[in-house]
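Quick look at work37.pdb (PDB, C-alpha atoms, pLDDT in the B column):
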```pdb
ATOM      1  CA  MET A1388      11.172 -64.732  31.750  1.00 50.00           C
ATOM      2  CA  ASP A1389      11.577 -61.073  30.658  1.00 62.00           C
ATOM      3  CA  LYS A1390      14.845 -59.350  31.337  1.00 65.00           C
ATOM      4  CA  PRO A1391      14.696 -56.451  33.809  1.00 65.00           C
ATOM      5  CA  PRO A1392      15.324 -53.034  32.326  1.00 63.00           C
ATOM      6  CA  ILE A1393      18.929 -51.923  32.280  1.00 67.00           C
ATOM      7  CA  LEU A1394      19.391 -48.336  33.280  1.00 60.00           C
ATOM      8  CA  PRO A1395      22.600 -46.366  32.972  1.00 61.00           C
ATOM      9  CA  PRO A1396      24.366 -45.882  36.278  1.00 58.00           C
ATOM     10  CA  ARG A1397      24.011 -42.614  38.108  1.00 56.00           C
ATOM     11  CA  GLU A1398      27.020 -40.359  38.117  1.00 57.00           C
ATOM     12  CA  ASP A1399      27.311 -40.439  41.891  1.00 54.00           C
ATOM     13  CA  ALA A1400      26.419 -44.128  42.281  1.00 49.00           C
ATOM     14  CA  VAL A1401      29.037 -46.488  43.570  1.00 47.00           C
ATOM     15  CA  ALA A1402      29.722 -49.402  41.281  1.00 46.00           C
ATOM     16  CA  LEU A1403      28.528 -52.560  42.964  1.00 45.00           C
ATOM     17  CA  GLU A1404      30.040 -55.896  42.345  1.00 46.00           C
ATOM     18  CA  PRO A1405      28.186 -59.079  43.172  1.00 45.00           C
ATOM     19  CA  ALA A1406      28.864 -59.893  46.780  1.00 49.00           C
ATOM     20  CA  ASN A1407      29.539 -63.615  47.144  1.00 53.00           C
ATOM     21  CA  ASP A1408      30.912 -63.250  50.641  1.00 53.00           C
ATOM     22  CA  GLN A1409      27.805 -61.542  52.036  1.00 52.00           C
ATOM     23  CA  PRO A1410      25.714 -63.610  54.431  1.00 51.00           C
ATOM     24  CA  LYS A1411      22.579 -65.007  52.876  1.00 54.00           C
ATOM     25  CA  LEU A1412      19.401 -63.586  54.262  1.00 55.00           C
ATOM     26  CA  ASP A1413      16.295 -65.551  54.993  1.00 59.00           C
ATOM     27  CA  VAL A1414      13.629 -64.321  52.633  1.00 50.00           C
ATOM     28  CA  LYS A1415       9.940 -64.967  53.143  1.00 60.00           C
ATOM     29  CA  LEU A1416       8.661 -66.713  50.100  1.00 53.00           C
ATOM     30  CA  PRO A1417       5.301 -66.352  48.399  1.00 60.00           C
ATOM     31  CA  VAL A1418       2.535 -68.916  48.975  1.00 68.00           C
ATOM     32  CA  ASN A1419       2.947 -70.843  45.688  1.00 70.00           C
ATOM     33  CA  ILE A1420       6.676 -70.992  45.941  1.00 65.00           C
ATOM     34  CA  ASN A1421       6.533 -74.704  46.626  1.00 71.00           C
ATOM     35  CA  LEU A1422       6.690 -75.372  42.895  1.00 78.00           C
ATOM     36  CA  LEU A1423      10.407 -74.467  42.917  1.00 75.00           C
ATOM     37  CA  SER A1424      13.075 -76.143  44.917  1.00 76.00           C
ATOM     38  CA  TYR A1425      14.800 -74.259  47.680  1.00 74.00           C
ATOM     39  CA  ASN A1426      18.114 -74.174  45.861  1.00 83.00           C
ATOM     40  CA  GLU A1427      16.497 -72.846  42.690  1.00 80.00           C
ATOM     41  CA  LEU A1428      14.851 -70.090  44.646  1.00 73.00           C
ATOM     42  CA  LEU A1429      18.043 -69.083  46.428  1.00 79.00           C
ATOM     43  CA  GLU A1430      19.907 -69.082  43.142  1.00 81.00           C
ATOM     44  CA  LEU A1431      17.273 -66.825  41.524  1.00 75.00           C
ATOM     45  CA  ILE A1432      17.253 -64.498  44.525  1.00 74.00           C
ATOM     46  CA  ASN A1433      21.032 -64.262  44.571  1.00 80.00           C
ATOM     47  CA  GLN A1434      21.205 -63.646  40.832  1.00 78.00           C
ATOM     48  CA  HIS A1435      18.619 -60.955  40.900  1.00 76.00           C
ATOM     49  CA  ARG A1436      19.564 -59.473  44.282  1.00 77.00           C
ATOM     50  CA  ASP A1437      22.692 -57.933  42.797  1.00 73.00           C
ATOM     51  CA  LYS A1438      20.743 -56.444  39.906  1.00 71.00           C
ATOM     52  CA  LEU A1439      17.999 -55.244  42.244  1.00 62.00           C
ATOM     53  CA  HIS A1440      20.554 -53.817  44.642  1.00 71.00           C
ATOM     54  CA  TRP A1441      22.347 -52.059  41.770  1.00 71.00           C
ATOM     55  CA  PHE A1442      19.003 -50.722  40.454  1.00 64.00           C
ATOM     56  CA  CYS A1443      18.011 -49.432  43.899  1.00 64.00           C
ATOM     57  CA  ALA A1444      21.456 -47.918  44.450  1.00 65.00           C
ATOM     58  CA  SER A1445      21.249 -46.111  41.106  1.00 67.00           C
ATOM     59  CA  MET A1446      17.783 -44.772  41.939  1.00 62.00           C
ATOM     60  CA  ASP A1447      18.019 -44.195  45.687  1.00 58.00           C
ATOM     61  CA  SER A1448      18.534 -40.425  45.596  1.00 65.00           C
ATOM     62  CA  PHE A1449      15.644 -38.602  44.014  1.00 68.00           C
ATOM     63  CA  GLU A1450      16.234 -35.557  46.258  1.00 77.00           C
ATOM     64  CA  PRO A1451      18.115 -33.437  43.679  1.00 80.00           C
ATOM     65  CA  ILE A1452      15.609 -34.260  40.962  1.00 78.00           C
ATOM     66  CA  THR A1453      12.676 -33.556  43.289  1.00 81.00           C
ATOM     67  CA  GLU A1454      14.201 -30.244  44.367  1.00 87.00           C
ATOM     68  CA  GLU A1455      14.826 -29.300  40.738  1.00 89.00           C
ATOM     69  CA  VAL A1456      11.211 -30.154  39.843  1.00 89.00           C
ATOM     70  CA  LYS A1457       9.941 -28.038  42.762  1.00 93.00           C
ATOM     71  CA  ARG A1458      12.186 -25.163  41.725  1.00 95.00           C
ATOM     72  CA  LEU A1459      10.964 -25.412  38.129  1.00 94.00           C
ATOM     73  CA  LYS A1460       7.327 -25.530  39.303  1.00 95.00           C
ATOM     74  CA  ASN A1461       7.882 -22.378  41.356  1.00 96.00           C
ATOM     75  CA  GLN A1462       9.547 -20.711  38.396  1.00 96.00           C
ATOM     76  CA  PHE A1463       6.636 -21.733  36.203  1.00 95.00           C
ATOM     77  CA  LYS A1464       4.119 -20.288  38.703  1.00 96.00           C
ATOM     78  CA  GLU A1465       6.088 -17.024  38.856  1.00 96.00           C
ATOM     79  CA  LEU A1466       6.135 -16.862  35.075  1.00 95.00           C
ATOM     80  CA  GLU A1467       2.384 -17.525  34.972  1.00 95.00           C
ATOM     81  CA  GLU A1468       1.817 -14.659  37.435  1.00 95.00           C
ATOM     82  CA  LYS A1469       4.058 -12.346  35.423  1.00 94.00           C
ATOM     83  CA  PHE A1470       2.275 -13.348  32.234  1.00 94.00           C
ATOM     84  CA  SER A1471      -1.081 -12.672  33.877  1.00 94.00           C
ATOM     85  CA  LYS A1472       0.140  -9.243  34.999  1.00 94.00           C
ATOM     86  CA  LEU A1473       1.430  -8.566  31.486  1.00 94.00           C
ATOM     87  CA  GLU A1474      -1.950  -9.519  30.035  1.00 94.00           C
ATOM     88  CA  ASP A1475      -3.670  -7.150  32.480  1.00 93.00           C
ATOM     89  CA  GLY A1476      -1.173  -4.428  31.576  1.00 94.00           C
ATOM     90  CA  LYS A1477      -1.758  -5.135  27.901  1.00 94.00           C
ATOM     91  CA  VAL A1478      -5.497  -4.610  28.341  1.00 94.00           C
ATOM     92  CA  VAL A1479      -4.891  -1.329  30.200  1.00 95.00           C
ATOM     93  CA  ILE A1480      -2.472  -0.126  27.508  1.00 96.00           C
ATOM     94  CA  GLN A1481      -4.899  -1.085  24.750  1.00 96.00           C
ATOM     95  CA  ASP A1482      -7.596   0.953  26.516  1.00 96.00           C
ATOM     96  CA  GLN A1483      -5.205   3.886  26.798  1.00 96.00           C
ATOM     97  CA  ILE A1484      -4.286   3.579  23.123  1.00 96.00           C
ATOM     98  CA  ALA A1485      -7.979   3.589  22.193  1.00 96.00           C
ATOM     99  CA  GLU A1486      -8.473   6.725  24.308  1.00 97.00           C
ATOM    100  CA  LEU A1487      -5.468   8.338  22.631  1.00 97.00           C
ATOM    101  CA  VAL A1488      -6.807   7.513  19.183  1.00 96.00           C
ATOM    102  CA  ILE A1489     -10.116   9.161  20.117  1.00 97.00           C
ATOM    103  CA  LEU A1490      -8.274  12.152  21.584  1.00 97.00           C
ATOM    104  CA  GLU A1491      -6.113  12.440  18.470  1.00 97.00           C
ATOM    105  CA  SER A1492      -9.149  12.406  16.200  1.00 97.00           C
ATOM    106  CA  GLU A1493     -10.809  15.100  18.347  1.00 97.00           C
ATOM    107  CA  TYR A1494      -7.603  17.154  18.214  1.00 97.00           C
ATOM    108  CA  THR A1495      -7.407  16.765  14.426  1.00 97.00           C
ATOM    109  CA  LYS A1496     -11.014  17.874  14.034  1.00 97.00           C
ATOM    110  CA  LYS A1497     -10.544  20.904  16.308  1.00 97.00           C
ATOM    111  CA  TYR A1498      -7.283  21.794  14.561  1.00 97.00           C
ATOM    112  CA  GLN A1499      -8.986  21.681  11.177  1.00 96.00           C
ATOM    113  CA  ASN A1500     -11.837  23.831  12.504  1.00 95.00           C
ATOM    114  CA  LEU A1501      -9.324  26.332  13.887  1.00 94.00           C
ATOM    115  CA  GLN A1502      -7.467  26.438  10.571  1.00 93.00           C
ATOM    116  CA  GLN A1503     -10.755  27.030   8.769  1.00 91.00           C
ATOM    117  CA  LEU A1504     -11.659  29.776  11.229  1.00 90.00           C
ATOM    118  CA  ILE A1505      -8.252  31.420  10.797  1.00 86.00           C
ATOM    119  CA  ARG A1506      -8.532  31.239   7.008  1.00 84.00           C
ATOM    120  CA  SER A1507     -12.034  32.682   7.082  1.00 84.00           C
ATOM    121  CA  ASN A1508     -11.184  35.520   9.502  1.00 83.00           C
ATOM    122  CA  TYR A1509      -7.520  36.314   8.923  1.00 81.00           C
ATOM    123  CA  SER A1510      -6.631  35.468   5.356  1.00 79.00           C
ATOM    124  CA  LYS A1511      -5.239  38.092   2.978  1.00 81.00           C
ATOM    125  CA  ASP A1512      -8.489  38.216   1.054  1.00 82.00           C
ATOM    126  CA  VAL A1513     -10.499  38.774   4.224  1.00 82.00           C
ATOM    127  CA  ALA A1514      -8.111  41.501   5.382  1.00 81.00           C
ATOM    128  CA  LYS A1515      -8.272  43.218   1.986  1.00 84.00           C
ATOM    129  CA  ARG A1516     -12.064  42.970   1.936  1.00 87.00           C
ATOM    130  CA  THR A1517     -12.239  44.340   5.491  1.00 87.00           C
ATOM    131  CA  MET A1518      -9.998  47.293   4.602  1.00 87.00           C
ATOM    132  CA  LEU A1519     -11.999  48.062   1.473  1.00 89.00           C
ATOM    133  CA  ASN A1520     -15.250  47.887   3.449  1.00 91.00           C
ATOM    134  CA  LYS A1521     -13.835  50.199   6.119  1.00 90.00           C
ATOM    135  CA  ILE A1522     -12.667  52.668   3.424  1.00 89.00           C
ATOM    136  CA  LYS A1523     -16.146  52.663   1.841  1.00 92.00           C
ATOM    137  CA  GLU A1524     -17.786  53.024   5.224  1.00 91.00           C
ATOM    138  CA  ASN A1525     -15.608  56.020   6.160  1.00 87.00           C
ATOM    139  CA  GLU A1526     -16.251  57.631   2.754  1.00 88.00           C
ATOM    140  CA  GLN A1527     -20.025  57.160   3.207  1.00 89.00           C
ATOM    141  CA  LYS A1528     -19.910  58.656   6.717  1.00 85.00           C
ATOM    142  CA  CYS A1529     -18.001  61.662   5.403  1.00 83.00           C
ATOM    143  CA  ASP A1530     -20.590  62.129   2.653  1.00 84.00           C
ATOM    144  CA  GLU A1531     -23.426  61.855   5.211  1.00 83.00           C
ATOM    145  CA  LEU A1532     -21.728  64.424   7.443  1.00 80.00           C
ATOM    146  CA  GLU A1533     -21.414  66.850   4.519  1.00 80.00           C
ATOM    147  CA  ILE A1534     -25.103  66.486   3.705  1.00 79.00           C
ATOM    148  CA  ASN A1535     -26.175  66.841   7.351  1.00 76.00           C
ATOM    149  CA  ALA A1536     -23.701  69.664   8.047  1.00 71.00           C
ATOM    150  CA  LYS A1537     -25.672  72.193   6.005  1.00 70.00           C
ATOM    151  CA  GLY A1538     -28.388  72.336   8.604  1.00 67.00           C
ATOM    152  CA  SER A1539     -26.135  71.916  11.629  1.00 65.00           C
ATOM    153  CA  LEU A1540     -25.036  74.934  13.683  1.00 60.00           C
ATOM    154  CA  ASP A1541     -22.268  73.135  15.649  1.00 76.00           C
ATOM    155  CA  LEU A1542     -19.299  73.492  13.377  1.00 77.00           C
ATOM    156  CA  ASP A1543     -16.746  72.133  15.873  1.00 81.00           C
ATOM    157  CA  VAL A1544     -18.517  68.753  16.219  1.00 81.00           C
ATOM    158  CA  PHE A1545     -18.853  68.528  12.440  1.00 80.00           C
ATOM    159  CA  LEU A1546     -15.181  69.263  11.822  1.00 82.00           C
ATOM    160  CA  LYS A1547     -13.988  66.826  14.508  1.00 86.00           C
ATOM    161  CA  SER A1548     -16.147  63.949  13.187  1.00 85.00           C
ATOM    162  CA  TYR A1549     -15.314  64.727   9.581  1.00 84.00           C
ATOM    163  CA  MET A1550     -11.563  64.817  10.328  1.00 89.00           C
ATOM    164  CA  ASP A1551     -11.729  61.521  12.271  1.00 90.00           C
ATOM    165  CA  PHE A1552     -13.519  59.725   9.416  1.00 87.00           C
ATOM    166  CA  LYS A1553     -11.168  61.199   6.773  1.00 89.00           C
ATOM    167  CA  LEU A1554      -8.086  60.314   8.869  1.00 91.00           C
ATOM    168  CA  ASP A1555      -9.276  56.714   9.259  1.00 90.00           C
ATOM    169  CA  TYR A1556     -10.149  56.636   5.557  1.00 88.00           C
ATOM    170  CA  HIS A1557      -6.640  57.757   4.489  1.00 89.00           C
ATOM    171  CA  MET A1558      -4.896  55.416   6.974  1.00 90.00           C
ATOM    172  CA  GLN A1559      -6.840  52.392   5.677  1.00 88.00           C
ATOM    173  CA  LYS A1560      -6.151  53.486   2.095  1.00 89.00           C
ATOM    174  CA  GLN A1561      -2.436  53.827   2.885  1.00 90.00           C
ATOM    175  CA  LYS A1562      -2.284  50.375   4.522  1.00 86.00           C
ATOM    176  CA  LEU A1563      -4.013  48.864   1.522  1.00 85.00           C
ATOM    177  CA  ASN A1564      -1.587  50.559  -0.876  1.00 88.00           C
ATOM    178  CA  VAL A1565       1.483  49.459   1.131  1.00 88.00           C
ATOM    179  CA  LEU A1566       0.323  45.852   1.368  1.00 82.00           C
ATOM    180  CA  SER A1567      -0.601  45.805  -2.319  1.00 84.00           C
ATOM    181  CA  ALA A1568       2.829  47.225  -3.212  1.00 85.00           C
ATOM    182  CA  GLN A1569       4.500  44.456  -1.202  1.00 84.00           C
ATOM    183  CA  ASN A1570       2.436  41.869  -3.075  1.00 74.00           C
ATOM    184  CA  ASN A1571       0.827  40.707   0.131  1.00 66.00           C
ATOM    185  CA  PHE A1572      -2.593  41.096  -1.503  1.00 60.00           C
TER     186      PHE A1572
END
```
Structure rendered as structure tokens:
Amino acid sequence: MDKPPILPPREDAVALEPANDQPKLDVKLPVNINLLSYNELLELINQHRDKLHWFCASMDSFEPITEEVKRLKNQFKELEEKFSKLEDGKVVIQDQIAELVILESEYTKKYQNLQQLIRSNYSKDVAKRTMLNKIKENEQKCDELEINAKGSLDLDVFLKSYMDFKLDYHMQKQKLNVLSAQNNF
């Protein structure tokens, strides 16, 4: 016959000693029990009753373990819900990051276009070229006025226009000279 498993006693279990003074209980016997004598059966029951009683006493209170398992299950469910929310948040953040990457690339492109536009419209070379063109333009207008003035009777209009073009011409020339002297061109 195999030996029953021996489990360590519970911490809160009361140590049980075999009770020889306990009254013997009448136990209903299985159908094929007639192969053993009555005394043999009682002896086996008494021997194993103490072990069975000790085993049951050591295992009778599953309440704390059951409560701990329930608590751990609830904790696990809460963690699953939090993890699910984190996954959802992760997807949202990844979408936002993708949008930011697109926005950053658009910003970079527009910034480069703006820099190119600034360089093409406001660089030193462009300013110098613009001033030189304006000087030439004013000089040509003055020359045209001189040619057309010979046949014109309105001297006041001629002098006013001529003086305006010459004034603008000399101011542009002066600006160009000052900037060139400062090594800005």
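In this model, the gap between CA of Glu1533 (chain A) and CA of Lys1562 (chain A) comes to 25.2 Å.
Here CA of Lys1497 (chain A) is placed at a distance of 23.2 Å from CA of Asp1512 (chain A).
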Quick one: everything within 9 Å of Met1558 (chain A), counting only C-alpha atoms, minus sequence neighbours fewer than 5 positions away in the same chain. Send it as a PyMOL selection string. chain A and resi 1522+1553+1563
Output file for the selection above: C-alpha atoms, as a PDB file, in the coordinates of the input:
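What landed in again_39.pdb:
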```
ATOM      1  CA  ILE A1522     -12.667  52.668   3.424  1.00 89.00           C
ATOM      2  CA  LYS A1553     -11.168  61.199   6.773  1.00 89.00           C
ATOM      3  CA  LEU A1563      -4.013  48.864   1.522  1.00 85.00           C
TER       4      LEU A1563
END
```
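Taking CA of Cys1529 (chain A) and CA of Leu1546 (chain A) as the two end points, the separation is 10.3 Å.
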For each of A:His1440, A:Lys1464, A:Lys1537, A:His1557, take the minimum atom-to-atom distance to Lys1523 (chain A), counting only C-alpha atoms, then give the residue where this is smallest. A:His1557
I'd like to know which of A:Met1518, A:Gln1483, A:Leu1542, A:Asn1421 is closest to Leu1566 (chain A), using all atoms listed in the file. A:Met1518
Hey, what's within 12 Å of Tyr1549 (chain A) if we count only C-alpha atoms and toss same-chain stuff fewer than 4 positions away? As JSON, numbers by chain, please? {"A": [1525, 1526, 1527, 1528, 1529, 1530, 1531, 1532, 1533, 1534, 1535, 1536, 1542, 1543, 1544, 1545, 1553, 1554, 1555, 1556]}
